[in-house]
$ cat my_file-v2.csv   # CSV, C-alpha atoms
chain,number,residue,atom,x,y,z
A,190,MET,CA,111.5,44.8,-102.1
A,191,LYS,CA,109.1,46.5,-104.4
A,192,ILE,CA,106.0,44.4,-105.0
A,193,ALA,CA,103.1,44.9,-107.6
A,194,LEU,CA,99.9,43.6,-106.0
A,195,ILE,CA,97.3,43.1,-108.7
A,196,ILE,CA,93.6,42.7,-107.8
A,197,ARG,CA,90.8,42.4,-110.4
A,198,ARG,CA,88.4,44.6,-108.5
A,199,LEU,CA,88.8,47.0,-105.6
A,200,ASN,CA,85.2,48.2,-105.6
A,201,VAL,CA,83.7,45.4,-103.5
A,202,ARG,CA,84.1,43.9,-100.0
A,203,GLY,CA,85.0,40.3,-100.2
A,204,GLY,CA,87.4,37.7,-98.9
A,205,THR,CA,89.9,38.2,-101.8
A,206,GLN,CA,90.0,42.0,-101.2
A,207,ARG,CA,90.4,41.7,-97.4
A,208,GLN,CA,93.1,39.0,-97.7
A,209,ALA,CA,95.1,40.9,-100.4
A,210,LEU,CA,95.0,44.2,-98.6
A,211,SER,CA,95.7,42.8,-95.2
A,212,LEU,CA,98.8,41.1,-96.7
A,213,ALA,CA,99.8,44.3,-98.4
A,214,ARG,CA,99.5,46.2,-95.1
A,215,GLU,CA,101.7,43.6,-93.2
A,216,LEU,CA,104.3,43.7,-96.0
A,217,GLN,CA,104.3,47.5,-95.9
A,218,LYS,CA,104.9,47.4,-92.1
A,219,ARG,CA,108.1,45.4,-92.8
A,220,GLY,CA,109.5,48.1,-95.1
A,221,HIS,CA,108.5,46.6,-98.5
A,222,ILE,CA,107.1,49.0,-101.1
A,223,ILE,CA,103.7,47.9,-102.2
A,224,LYS,CA,101.8,49.4,-105.2
A,225,LEU,CA,98.2,48.3,-106.1
A,226,TYR,CA,96.9,47.8,-109.5
A,227,THR,CA,93.2,47.1,-110.4
A,228,PHE,CA,90.6,47.4,-113.1
A,229,LEU,CA,88.0,49.0,-110.9
A,230,TYR,CA,88.5,51.1,-107.8
A,231,ASP,CA,86.0,52.5,-105.2
A,232,PRO,CA,87.4,52.6,-101.7
A,233,GLU,CA,84.0,53.4,-100.2
A,234,ARG,CA,82.6,50.2,-101.5
A,235,SER,CA,85.7,48.2,-100.7
A,236,TYR,CA,87.9,48.3,-97.6
A,237,GLY,CA,88.7,52.0,-97.3
A,238,ASP,CA,90.4,51.6,-94.0
A,239,LEU,CA,92.8,49.0,-95.4
A,240,LEU,CA,93.4,51.0,-98.6
A,241,LYS,CA,94.9,53.9,-96.7
A,242,ASN,CA,98.5,54.7,-97.3
A,243,PHE,CA,98.6,52.7,-100.6
A,244,GLU,CA,99.1,54.1,-104.1
A,245,VAL,CA,96.4,52.6,-106.3
A,246,VAL,CA,96.5,52.6,-110.1
A,247,SER,CA,93.1,51.8,-111.7
A,248,LEU,CA,91.8,51.7,-115.2
A,249,ASP,CA,88.2,52.3,-113.9
A,250,LYS,CA,86.9,50.0,-116.6
A,251,ASN,CA,84.7,46.9,-116.2
A,252,THR,CA,86.0,43.5,-117.1
A,253,GLY,CA,83.2,42.5,-119.3
A,254,PRO,CA,80.1,43.7,-121.2
A,255,LEU,CA,77.0,44.0,-119.0
A,256,TRP,CA,74.7,43.5,-121.9
A,257,LEU,CA,73.8,40.2,-123.5
A,258,LYS,CA,72.9,38.8,-120.1
A,259,SER,CA,70.4,36.5,-121.7
A,260,VAL,CA,73.3,34.9,-123.8
A,261,PRO,CA,75.8,33.9,-121.2
A,262,PHE,CA,77.9,31.8,-123.6
A,263,VAL,CA,78.4,34.7,-125.9
A,264,ARG,CA,78.9,37.1,-123.0
A,265,TYR,CA,81.6,34.9,-121.6
A,266,PHE,CA,83.8,35.0,-124.7
A,267,LEU,CA,83.3,38.7,-125.2
A,268,GLN,CA,84.4,39.1,-121.6
A,269,LEU,CA,87.5,37.0,-122.3
A,270,ILE,CA,88.5,39.3,-125.2
A,271,ASN,CA,87.8,42.4,-123.1
A,272,GLU,CA,89.7,41.2,-120.1
A,273,ASN,CA,92.8,40.4,-122.3
A,274,GLU,CA,92.8,43.9,-123.6
A,275,LEU,CA,92.4,45.4,-120.2
A,276,ALA,CA,95.1,43.2,-118.8
A,277,LYS,CA,97.5,44.4,-121.5
A,278,GLU,CA,96.5,48.0,-120.8
A,279,LEU,CA,97.0,47.8,-117.1
A,280,ALA,CA,100.4,46.0,-117.6
A,281,THR,CA,101.7,48.9,-119.7
A,282,ARG,CA,100.8,51.3,-116.9
A,283,MET,CA,102.9,49.5,-114.3
A,284,ASP,CA,106.3,50.6,-113.1
A,285,ASP,CA,109.4,49.1,-114.5
A,286,ASP,CA,111.3,48.4,-111.3
A,287,PHE,CA,109.3,45.7,-109.4
A,288,TYR,CA,111.1,42.9,-107.7
A,289,ILE,CA,108.1,40.5,-107.9
A,290,LEU,CA,104.5,40.4,-109.2
A,291,ASN,CA,101.7,39.3,-106.9
A,292,PRO,CA,98.3,38.8,-108.7
A,293,HIS,CA,95.3,37.8,-106.6
A,294,ASP,CA,92.6,35.5,-107.8
A,295,GLN,CA,90.6,36.0,-111.0
A,296,VAL,CA,92.0,37.6,-114.2
A,297,SER,CA,94.9,39.4,-112.4
A,298,TYR,CA,97.3,36.7,-113.5
A,299,LYS,CA,96.8,37.9,-117.1
A,300,VAL,CA,98.2,41.3,-116.1
A,301,ALA,CA,101.2,39.6,-114.7
A,302,PHE,CA,101.7,37.6,-117.9
A,303,TYR,CA,101.6,40.6,-120.1
A,304,TYR,CA,104.0,42.5,-117.8
A,305,LYS,CA,106.5,39.7,-118.0
A,306,LYS,CA,106.0,39.6,-121.8
A,307,PHE,CA,106.1,43.3,-122.6
A,308,LYS,CA,108.0,44.9,-119.8
A,309,LYS,CA,110.3,42.8,-117.6
A,310,ASN,CA,110.6,39.1,-117.0
A,311,ILE,CA,110.4,38.9,-113.2
A,312,PRO,CA,108.9,36.3,-110.9
A,313,SER,CA,105.1,36.2,-110.5
A,314,VAL,CA,103.4,34.5,-107.6
A,315,TRP,CA,99.6,34.0,-108.0
A,316,HIS,CA,97.2,33.8,-105.0
A,317,MET,CA,94.4,31.5,-106.2
A,318,ASN,CA,91.4,31.7,-103.9
A,319,ASP,CA,89.1,30.2,-106.4
A,320,LEU,CA,89.9,28.1,-109.5
A,321,PRO,CA,89.1,30.4,-112.5
A,322,LEU,CA,88.1,27.6,-114.9
A,323,LEU,CA,84.7,27.0,-116.5
A,324,GLN,CA,84.8,23.2,-116.0
A,325,TRP,CA,85.2,23.7,-112.2
A,326,ALA,CA,82.5,26.3,-112.1
A,327,TYR,CA,80.1,23.9,-113.8
A,328,ASP,CA,81.2,20.9,-111.7
A,329,ARG,CA,80.6,23.0,-108.6
A,330,LEU,CA,77.2,24.1,-109.8
A,331,ARG,CA,76.3,20.5,-110.5
A,332,GLY,CA,77.4,19.7,-107.0
A,333,VAL,CA,75.1,22.5,-105.7
A,334,ASP,CA,72.2,21.7,-107.9
A,335,ASP,CA,71.6,18.0,-108.6
A,336,ALA,CA,69.3,18.9,-111.5
A,337,PHE,CA,71.9,20.9,-113.4
A,338,ARG,CA,73.2,19.3,-116.5
A,339,PRO,CA,75.1,21.4,-119.1
A,340,SER,CA,75.0,20.2,-122.7
A,341,PHE,CA,77.8,18.2,-124.2
A,342,LEU,CA,78.6,21.0,-126.6
A,343,LYS,CA,78.9,23.5,-123.8
A,344,ARG,CA,81.1,21.2,-121.8
A,345,LEU,CA,83.4,20.7,-124.8
A,346,LEU,CA,83.7,24.4,-125.6
A,347,TYR,CA,84.3,25.2,-121.9
A,348,SER,CA,87.0,22.6,-121.8
A,349,ILE,CA,88.7,24.1,-124.8
A,350,ALA,CA,88.5,27.6,-123.2
A,351,ASP,CA,90.0,26.3,-120.0
A,352,GLN,CA,92.9,24.6,-121.8
A,353,TYR,CA,93.6,27.9,-123.6
A,354,GLU,CA,93.6,29.7,-120.2
A,355,ILE,CA,96.0,27.2,-118.7
A,356,TRP,CA,98.4,27.1,-121.7
A,357,LYS,CA,98.3,30.9,-122.4
A,358,PHE,CA,98.4,32.3,-118.9
A,359,LEU,CA,98.4,30.0,-115.8
A,360,ARG,CA,101.3,27.8,-116.5
A,361,HIS,CA,103.6,30.8,-116.7
A,362,GLN,CA,103.1,31.7,-113.1
A,363,ASP,CA,106.3,30.9,-111.1
A,364,ALA,CA,104.3,29.8,-108.0
A,365,ILE,CA,100.7,29.4,-106.9
A,366,ILE,CA,99.6,30.1,-103.4
A,367,VAL,CA,96.3,28.7,-102.0
A,368,VAL,CA,94.8,28.7,-98.5
A,369,ASP,CA,93.9,25.1,-98.1
A,370,SER,CA,94.4,21.5,-99.3
A,371,PHE,CA,91.0,21.7,-101.1
A,372,ASN,CA,92.6,24.1,-103.6
A,373,VAL,CA,95.8,22.1,-103.9
A,374,ASP,CA,93.7,19.2,-105.1
A,375,LEU,CA,91.8,21.4,-107.5
A,376,SER,CA,95.0,22.8,-109.0
A,377,ARG,CA,96.3,19.3,-109.6
A,378,LYS,CA,93.1,17.9,-111.0
A,379,TYR,CA,92.1,20.7,-113.3
A,380,MET,CA,95.4,22.4,-114.2
A,381,ASN,CA,98.0,19.7,-113.6
A,382,LEU,CA,99.9,22.4,-111.6
A,383,GLU,CA,101.3,22.3,-108.1
A,384,ALA,CA,100.2,24.8,-105.5
A,385,ILE,CA,101.6,25.8,-102.1
A,386,THR,CA,99.3,26.1,-99.0
A,387,VAL,CA,99.8,29.3,-97.0
A,388,ARG,CA,96.9,29.7,-94.6
A,389,SER,CA,95.6,33.2,-94.0
A,390,GLY,CA,93.6,34.4,-90.9
A,391,PRO,CA,91.9,37.3,-89.3
A,392,ASP,CA,93.4,40.3,-87.6
A,393,THR,CA,92.9,39.1,-84.0
A,394,GLU,CA,93.3,42.7,-82.7
A,395,HIS,CA,90.6,44.0,-85.0
A,396,PHE,CA,88.0,41.3,-84.3
A,397,ILE,CA,87.4,41.6,-80.6
A,398,PHE,CA,86.3,38.7,-78.3
A,399,THR,CA,82.9,39.1,-76.8
A,400,LYS,CA,82.1,36.9,-73.8
A,401,ARG,CA,79.0,34.9,-74.5
A,402,THR,CA,75.9,33.8,-72.6
A,403,PRO,CA,74.5,30.4,-73.8
A,404,PRO,CA,71.4,31.2,-75.8
A,405,SER,CA,67.8,30.2,-75.1
A,406,LYS,CA,65.2,29.1,-77.7
A,407,GLN,CA,65.4,32.7,-79.0
A,408,ILE,CA,68.7,32.3,-80.9
A,409,LYS,CA,70.3,34.8,-83.3
A,410,ILE,CA,72.1,33.1,-86.2
A,411,LEU,CA,74.6,34.8,-88.5
A,412,THR,CA,76.0,33.8,-91.9
A,413,SER,CA,77.8,35.8,-94.6
A,414,GLY,CA,79.4,36.0,-98.0
A,415,ILE,CA,78.7,37.6,-101.4
A,416,LEU,CA,75.5,35.8,-102.6
A,417,MET,CA,76.3,32.9,-104.9
A,418,PRO,CA,74.5,29.6,-105.3
A,419,HIS,CA,77.3,27.5,-103.7
A,420,ARG,CA,76.9,29.5,-100.5
A,421,ARG,CA,73.7,27.4,-99.9
A,422,TYR,CA,71.9,30.0,-97.8
A,423,GLN,CA,68.7,28.1,-98.6
A,424,ASP,CA,69.8,25.3,-96.3
A,425,THR,CA,70.0,27.6,-93.3
A,426,ILE,CA,66.7,29.2,-94.2
A,427,ARG,CA,65.1,25.7,-94.3
A,428,ALA,CA,66.8,25.0,-90.9
A,429,VAL,CA,65.0,28.1,-89.5
A,430,LYS,CA,61.7,26.6,-90.6
A,431,ILE,CA,62.6,23.3,-88.9
A,432,LEU,CA,63.6,25.1,-85.7
A,433,SER,CA,60.4,27.3,-85.7
A,434,ASP,CA,58.2,24.2,-86.2
A,435,GLU,CA,59.9,22.6,-83.1
A,436,GLY,CA,59.1,25.5,-80.8
A,437,TYR,CA,62.3,27.6,-81.1
A,438,ALA,CA,62.5,31.2,-82.2
A,439,PRO,CA,65.5,31.6,-84.5
A,440,LYS,CA,66.4,34.8,-86.2
A,441,LEU,CA,68.8,34.5,-89.2
A,442,THR,CA,70.9,37.4,-90.5
A,443,ILE,CA,72.5,37.0,-93.9
A,444,LEU,CA,75.3,39.5,-94.7
A,445,GLY,CA,76.7,39.8,-98.2
A,446,ASP,CA,76.3,41.8,-101.4
A,447,TYR,CA,73.3,40.5,-103.3
A,448,GLU,CA,73.8,42.7,-106.3
A,449,ASN,CA,76.2,40.0,-107.5
A,450,ASP,CA,73.4,37.5,-108.2
A,451,LYS,CA,69.9,39.1,-108.0
A,452,LYS,CA,68.3,36.0,-109.2
A,453,TYR,CA,69.7,33.9,-106.4
A,454,HIS,CA,68.8,36.6,-103.9
A,455,GLN,CA,65.2,36.7,-105.1
A,456,SER,CA,65.0,32.9,-104.9
A,457,LEU,CA,66.0,33.1,-101.2
A,458,ILE,CA,63.4,35.7,-100.5
A,459,ASP,CA,60.8,33.6,-102.3
A,460,LEU,CA,61.8,30.5,-100.2
A,461,ALA,CA,61.5,32.4,-96.9
A,462,ASN,CA,58.1,33.6,-98.0
A,463,GLU,CA,57.0,30.1,-99.1
A,464,LEU,CA,58.1,28.6,-95.8
A,465,GLY,CA,56.5,31.4,-93.8
A,466,VAL,CA,59.7,32.5,-92.1
A,467,GLN,CA,60.2,35.8,-93.9
A,468,ASN,CA,60.0,37.7,-90.6
A,469,SER,CA,62.8,35.5,-89.2
A,470,VAL,CA,65.2,36.0,-92.1
A,471,LYS,CA,66.9,39.3,-92.7
A,472,PHE,CA,69.2,40.2,-95.7
A,473,LEU,CA,71.5,43.1,-94.8
A,474,GLY,CA,73.5,43.1,-98.0
A,475,ARG,CA,76.9,44.8,-98.0
A,476,VAL,CA,77.6,46.3,-94.6
A,477,SER,CA,80.3,48.6,-93.1
A,478,GLU,CA,83.2,47.3,-91.1
A,479,LYS,CA,81.6,48.7,-88.0
A,480,ASP,CA,78.3,46.9,-88.7
A,481,LEU,CA,80.2,43.7,-89.3
A,482,LEU,CA,81.9,43.9,-85.9
A,483,ARG,CA,78.6,44.6,-84.3
A,484,ALA,CA,77.0,41.6,-86.0
A,485,TYR,CA,79.8,39.3,-84.7
A,486,ALA,CA,79.2,40.7,-81.2
A,487,GLU,CA,75.4,40.5,-81.2
A,488,HIS,CA,74.7,37.1,-82.7
A,489,ASP,CA,74.8,33.7,-80.9
A,490,ILE,CA,76.1,31.3,-83.6
A,491,TYR,CA,77.9,31.7,-86.9
A,492,ILE,CA,77.1,29.2,-89.7
A,493,PHE,CA,79.3,28.5,-92.8
A,494,GLN,CA,77.0,26.2,-94.8
A,495,HIS,CA,79.0,26.9,-98.0
A,496,HIS,CA,79.5,23.9,-100.3
A,497,LEU,CA,82.6,23.3,-102.3
A,498,GLN,CA,84.0,26.5,-101.0
A,499,SER,CA,87.6,27.7,-100.4
A,500,ASP,CA,88.9,28.2,-96.9
A,501,GLY,CA,87.1,31.5,-96.0
A,502,LEU,CA,88.1,34.2,-93.6
A,503,SER,CA,84.7,34.9,-92.1
A,504,PRO,CA,84.4,31.7,-90.0
A,505,PHE,CA,87.7,32.5,-88.3
A,506,GLU,CA,86.7,36.2,-87.8
A,507,ALA,CA,83.5,34.9,-86.1
A,508,ALA,CA,85.4,32.4,-84.0
A,509,VAL,CA,88.0,34.9,-82.7
A,510,SER,CA,85.0,37.2,-81.8
A,511,GLY,CA,83.7,34.4,-79.6
A,512,LEU,CA,80.9,33.0,-81.8
A,513,PRO,CA,80.6,29.2,-81.8
A,514,ILE,CA,80.9,28.2,-85.5
A,515,ILE,CA,79.2,25.5,-87.5
A,516,VAL,CA,81.2,24.8,-90.7
A,517,SER,CA,80.4,22.6,-93.7
A,518,ARG,CA,82.6,19.5,-94.3
A,519,THR,CA,83.0,20.7,-97.9
A,520,ALA,CA,84.4,24.1,-97.0
A,521,GLY,CA,88.2,24.3,-97.0
A,522,CYS,CA,88.3,25.8,-93.5
A,523,HIS,CA,87.0,22.6,-91.9
A,524,GLU,CA,90.4,21.0,-92.6
A,525,MET,CA,91.9,22.8,-89.6
A,526,LEU,CA,89.0,22.4,-87.2
A,527,THR,CA,88.1,19.6,-84.8
A,528,ASP,CA,84.5,18.6,-84.4
A,529,HIS,CA,83.0,19.4,-81.0
A,530,GLU,CA,86.3,20.9,-79.8
A,531,ASN,CA,86.5,24.2,-81.6
A,532,ALA,CA,83.7,24.0,-84.1
A,533,LEU,CA,80.8,21.8,-85.1
A,534,ILE,CA,81.2,20.1,-88.5
A,535,LEU,CA,78.2,20.1,-90.8
A,536,GLU,CA,77.2,17.7,-93.5
A,537,PRO,CA,76.6,19.8,-96.7
A,538,LYS,CA,73.2,20.5,-98.2
A,539,ASN,CA,71.5,19.2,-95.0
A,540,PRO,CA,69.0,21.6,-93.4
A,541,ALA,CA,68.0,19.0,-90.8
A,542,ASN,CA,71.7,18.7,-89.7
A,543,ILE,CA,72.0,22.5,-89.4
A,544,ALA,CA,68.9,22.6,-87.2
A,545,GLY,CA,70.1,19.7,-85.1
A,546,LEU,CA,73.5,21.3,-84.5
A,547,VAL,CA,71.8,24.6,-83.5
A,548,LYS,CA,69.6,22.7,-81.1
A,549,GLU,CA,72.6,21.0,-79.6
A,550,LEU,CA,74.2,24.3,-78.8
A,551,ILE,CA,71.0,25.6,-77.2
A,552,GLU,CA,70.5,22.4,-75.2
A,553,LYS,CA,74.1,22.0,-74.1
A,554,PRO,CA,75.3,25.3,-72.6
A,555,ASP,CA,78.6,23.8,-71.6
A,556,LEU,CA,79.3,22.8,-75.2
A,557,TYR,CA,78.3,26.3,-76.3
A,558,MET,CA,80.8,27.9,-73.9
A,559,LYS,CA,83.5,25.4,-74.8
A,560,LEU,CA,83.3,26.2,-78.5
A,561,SER,CA,83.2,29.9,-77.9
A,562,GLU,CA,86.4,29.8,-75.8
A,563,ASN,CA,88.2,27.1,-77.7
A,564,GLY,CA,87.4,28.6,-81.1
A,565,THR,CA,88.9,32.0,-80.1
A,566,LYS,CA,91.9,30.3,-78.6
A,567,PHE,CA,92.4,28.2,-81.7
A,568,VAL,CA,92.4,31.1,-84.1
A,569,LYS,CA,94.7,33.2,-82.0
A,570,GLU,CA,97.2,30.4,-81.7
A,571,ASN,CA,97.2,29.3,-85.4
A,572,PHE,CA,96.4,32.4,-87.6
A,573,SER,CA,97.7,35.9,-88.0
A,574,TRP,CA,98.7,38.2,-90.8
A,575,VAL,CA,102.2,38.0,-89.5
A,576,LYS,CA,102.4,34.2,-90.0
A,577,TYR,CA,100.6,34.6,-93.4
A,578,ALA,CA,103.1,37.2,-94.6
A,579,ASP,CA,106.0,35.0,-93.4
A,580,GLY,CA,104.8,32.1,-95.5
A,581,VAL,CA,104.1,34.3,-98.5
A,582,LEU,CA,107.6,35.9,-98.4
A,583,ARG,CA,109.2,32.4,-98.3
A,584,VAL,CA,107.3,31.6,-101.5
A,585,PHE,CA,108.4,34.9,-103.0
A,586,GLU,CA,112.1,34.2,-102.3
A,587,ASN,CA,112.0,30.7,-103.6
A,588,ALA,CA,110.3,31.9,-106.8
A,589,ALA,CA,113.0,34.6,-107.2
A,590,LYS,CA,115.9,32.2,-106.8
A,591,SER,CA,115.8,31.0,-110.5
A,592,TYR,CA,115.8,34.6,-111.7
A,593,ARG,CA,118.9,35.4,-109.7
A,594,GLY,CA,120.8,32.5,-111.2
$ encode --input "my_file-v2.csv" --output "structure tokens"
Amino acid sequence: MKIALIIRRLNVRGGTQRQALSLARELQKRGHIIKLYTFLYDPERSYGDLLKNFEVVSLDKNTGPLWLKSVPFVRYFLQLINENELAKELATRMDDDFYILNPHDQVSYKVAFYYKKFKKNIPSVWHMNDLPLLQWAYDRLRGVDDAFRPSFLKRLLYSIADQYEIWKFLRHQDAIIVVDSFNVDLSRKYMNLEAITVRSGPDTEHFIFTKRTPPSKQIKILTSGILMPHRRYQDTIRAVKILSDEGYAPKLTILGDYENDKKYHQSLIDLANELGVQNSVKFLGRVSEKDLLRAYAEHDIYIFQHHLQSDGLSPFEAAVSGLPIIVSRTAGCHEMLTDHENALILEPKNPANIAGLVKELIEKPDLYMKLSENGTKFVKENFSWVKYADGVLRVFENAAKSYRG
């Protein structure tokens, strides 16, 4: 079948891009014709290796005005208008002979809507990695920052904007795919729409297992993800301070593009300086695939302290590489894991708990080795792009049945 795979941006390295492109590659291996559509394209800044052998159509236009940053409310609605126009433009540039549309995450579903409206009414299956609604964004931010309280007027206007988004675009998707039960619940609560869970996972041939040696008090900790407040990197920085005060020598590496939120990045730098652990915390920003693989091989523990976060590929990439993982109870990926069997489960927003679990892995080398081996085994037995593609294709076929009569 010929499939239009639509991604908002292909000029960054993130979980959405890796997931979509890995799926595209697996579908292409099976003989399906895949064509990629995006607003912004830069293979050097995204996954150039995964983008090989694909035809990409890009508008090379941003999805929103970069000015008026001091007026986020106005900027948001200007961006809405701009995105609608870009979605229409990209839809008109798409081929006429697709079997199915496959938009991924934010905004891309608008392109599918306009294609169905103006070109050809064919099934569209939307991959929702993060709920694209303002009310959820503010509820999550409130969950991250206890002091955050948006005004009643803003809440009302955002609710109206969300209802428009659902009525105009989202309810017209023929199926919604999510990666965890966490997002199934969000889809029901905020959109009153049902979603189907199809769990993705890392390429277990690409991420190579490295046999570990239980660490000493000098422990190298890794965490990653594009910098956003709900990633809660401050909790692990505070844990580094706790460990240092107790005689350990932790080194924390944070991987992830910090251009996305420079204010949050600066707040983390300021926190490390305030706590006196600036020499123990390293921000590497966006890294190459080679450097990512090296980071998984050279560190001792991977921490996914993210709060109210979808499933996430990186913990499973780390696990299959042999890193024991510590995962937040409010991250979707914890649903599949068993505490003290293939991971350690962390209470969210709790630096002392992070420090305690790190100490447990240092002081219990048998547990460290158990998690390293069991984590790798668990990922290899339960996840693959082959299994993911199988599940996605089943959803495609079910969505297409009503169009075939």
$ closest_residue --input "my_file-v2.csv" --among "A:Ser313, A:Ile349, A:Asn251, A:Phe505" --to "Asp363 in chain A" --atoms "only C-alpha atoms"
A:Ser313
$ atom_distance --input "my_file-v2.csv" --atom1 "CA of Met190 in chain A" --atom2 "CA of Lys576 in chain A"
18.5 Å
$ residues_around --input "my_file-v2.csv" --residues "range 492-497 of chain A" --least-positions-apart "5" --cutoff "8 Å" --atoms "only C-alpha atoms" --output "MDAnalysis selection string"
chainID A and resid 329 332:333 410:413 419:422 424:425 504 514:517 519:521 535 537:538
$ residues_around --input "my_file-v2.csv" --residues "range 443-448 of chain A" --least-positions-apart "6" --cutoff "7 Å" --atoms "only C-alpha atoms" --output "MDAnalysis selection string"
chainID A and resid 411:416 454 471:475
$ atom_distance --input "my_file-v2.csv" --atom1 "CA of Gly564 in chain A" --atom2 "CA of Gly390 in chain A"
13.0 Å
